[in-house]
Amino acid sequence: MTANRWLGLATLTVLFASSAFAQAASPVGRWTTIDDETKKPKSVIAIYEEGGKLFGKIEKIFPEPNEEQNPVCKKCEGALKDQPIIGMVIMRDLKKDDDEWSGGTILDPNNGKTYKVKLSIEDGGKKLKVRGYIGLSLLGRTQHWVRAE
């Protein structure tokens, strides 16, 4: 094999590897949320890009047998009040900011409250650090979501 062919092959390998890494380093995709207390899966959130911003929609929930199987957002206000939680867009308007996504909001359907939110990728794209807060990022709570299969 000539040197030019080796160089071409090496360049293609680097391009494919960096493309795969770029995809893994994006929050776009399906994520499983984990309950802070029970450590059991709580829901699957589909994060998608629209108009250069990220949004997240509840795709699936994992209620306990004694819980409502198709819950509505009883504590939400406005247009979301009493709407089905499955299919609800809970994350809106995040923009890329260096190695994180911020500037958007996240809704907690359990209490109907909306918080500012920051996202960052961890563990080679396998985990998503989700920081919801009021005012300053110091005043908030962090969850780690895992990429859904």
# chains A, B, ... in the order shown; residues from 1 in each chain; ligands from 1
call {"tool": "residues_around", "arguments": {"residues": "stretch 70-76 of chain A", "least_positions_apart": "6", "cutoff": "8 Å", "atoms": "only C-alpha atoms", "output": "number ranges by chain"}}
result
A: 82-86, 109-113
call {"tool": "select_by_dssp", "arguments": {"residues": "stretch 94-142 of chain A", "states": "strand (DSSP E)", "output": "VMD selection string"}}
result
chain A and resid 94 to 97 100 to 108 113 to 122 127 to 133 140 to 142
call {"tool": "atom_distance", "arguments": {"atom1": "atom CA of A:Gly103", "atom2": "atom CA of A:Pro41"}}
result
26.7 Å
call {"tool": "atom_distance", "arguments": {"atom1": "atom CA of A:Asp93", "atom2": "atom CA of A:Thr33"}}
result
19.7 Å
call {"tool": "residues_around", "arguments": {"residues": "A:Met91", "least_positions_apart": "2", "cutoff": "10 Å", "atoms": "only C-alpha atoms", "output": "list in words"}}
result
Ile45, Ala46, Ile47, Tyr48, Leu54, Phe55, Gly56, Lys57, Ile58, Met88, Val89, Asp93, Leu94, Gly104, Thr105, Ile106, Leu107, Asp108, Thr114, Tyr115, Lys116 and Val117 of chain A
call {"tool": "write_last_selection", "arguments": {"atoms": "C-alpha atoms", "output": "PDB file, in the first residue's frame"}}
result
ATOM      1  CA  ILE A  45     -36.937  11.694  28.027  1.00  0.00           C
ATOM      2  CA  ALA A  46     -36.377  12.237  24.302  1.00  0.00           C
ATOM      3  CA  ILE A  47     -34.088  15.228  23.755  1.00  0.00           C
ATOM      4  CA  TYR A  48     -34.246  16.720  20.279  1.00  0.00           C
ATOM      5  CA  LEU A  54     -32.668  21.624  22.545  1.00  0.00           C
ATOM      6  CA  PHE A  55     -36.031  20.439  23.842  1.00  0.00           C
ATOM      7  CA  GLY A  56     -36.988  17.393  25.915  1.00  0.00           C
ATOM      8  CA  LYS A  57     -40.235  15.437  25.850  1.00  0.00           C
ATOM      9  CA  ILE A  58     -41.431  12.704  28.216  1.00  0.00           C
ATOM     10  CA  MET A  88     -45.287  16.619  27.533  1.00  0.00           C
ATOM     11  CA  VAL A  89     -42.373  18.875  26.547  1.00  0.00           C
ATOM     12  CA  ASP A  93     -34.800  26.452  24.634  1.00  0.00           C
ATOM     13  CA  LEU A  94     -31.348  25.188  25.686  1.00  0.00           C
ATOM     14  CA  GLY A 104     -33.458  27.059  28.929  1.00  0.00           C
ATOM     15  CA  THR A 105     -35.993  25.765  31.398  1.00  0.00           C
ATOM     16  CA  ILE A 106     -37.158  22.431  32.780  1.00  0.00           C
ATOM     17  CA  LEU A 107     -40.558  21.618  34.250  1.00  0.00           C
ATOM     18  CA  ASP A 108     -40.981  19.222  37.165  1.00  0.00           C
ATOM     19  CA  THR A 114     -40.323  25.449  36.168  1.00  0.00           C
ATOM     20  CA  TYR A 115     -36.594  25.885  36.787  1.00  0.00           C
ATOM     21  CA  LYS A 116     -33.608  27.146  34.833  1.00  0.00           C
ATOM     22  CA  VAL A 117     -31.531  24.215  33.582  1.00  0.00           C
TER      23      VAL A 117
END
call {"tool": "atom_distance", "arguments": {"atom1": "atom CA of A:Lys81", "atom2": "atom CA of A:Ser43"}}
result
19.6 Å
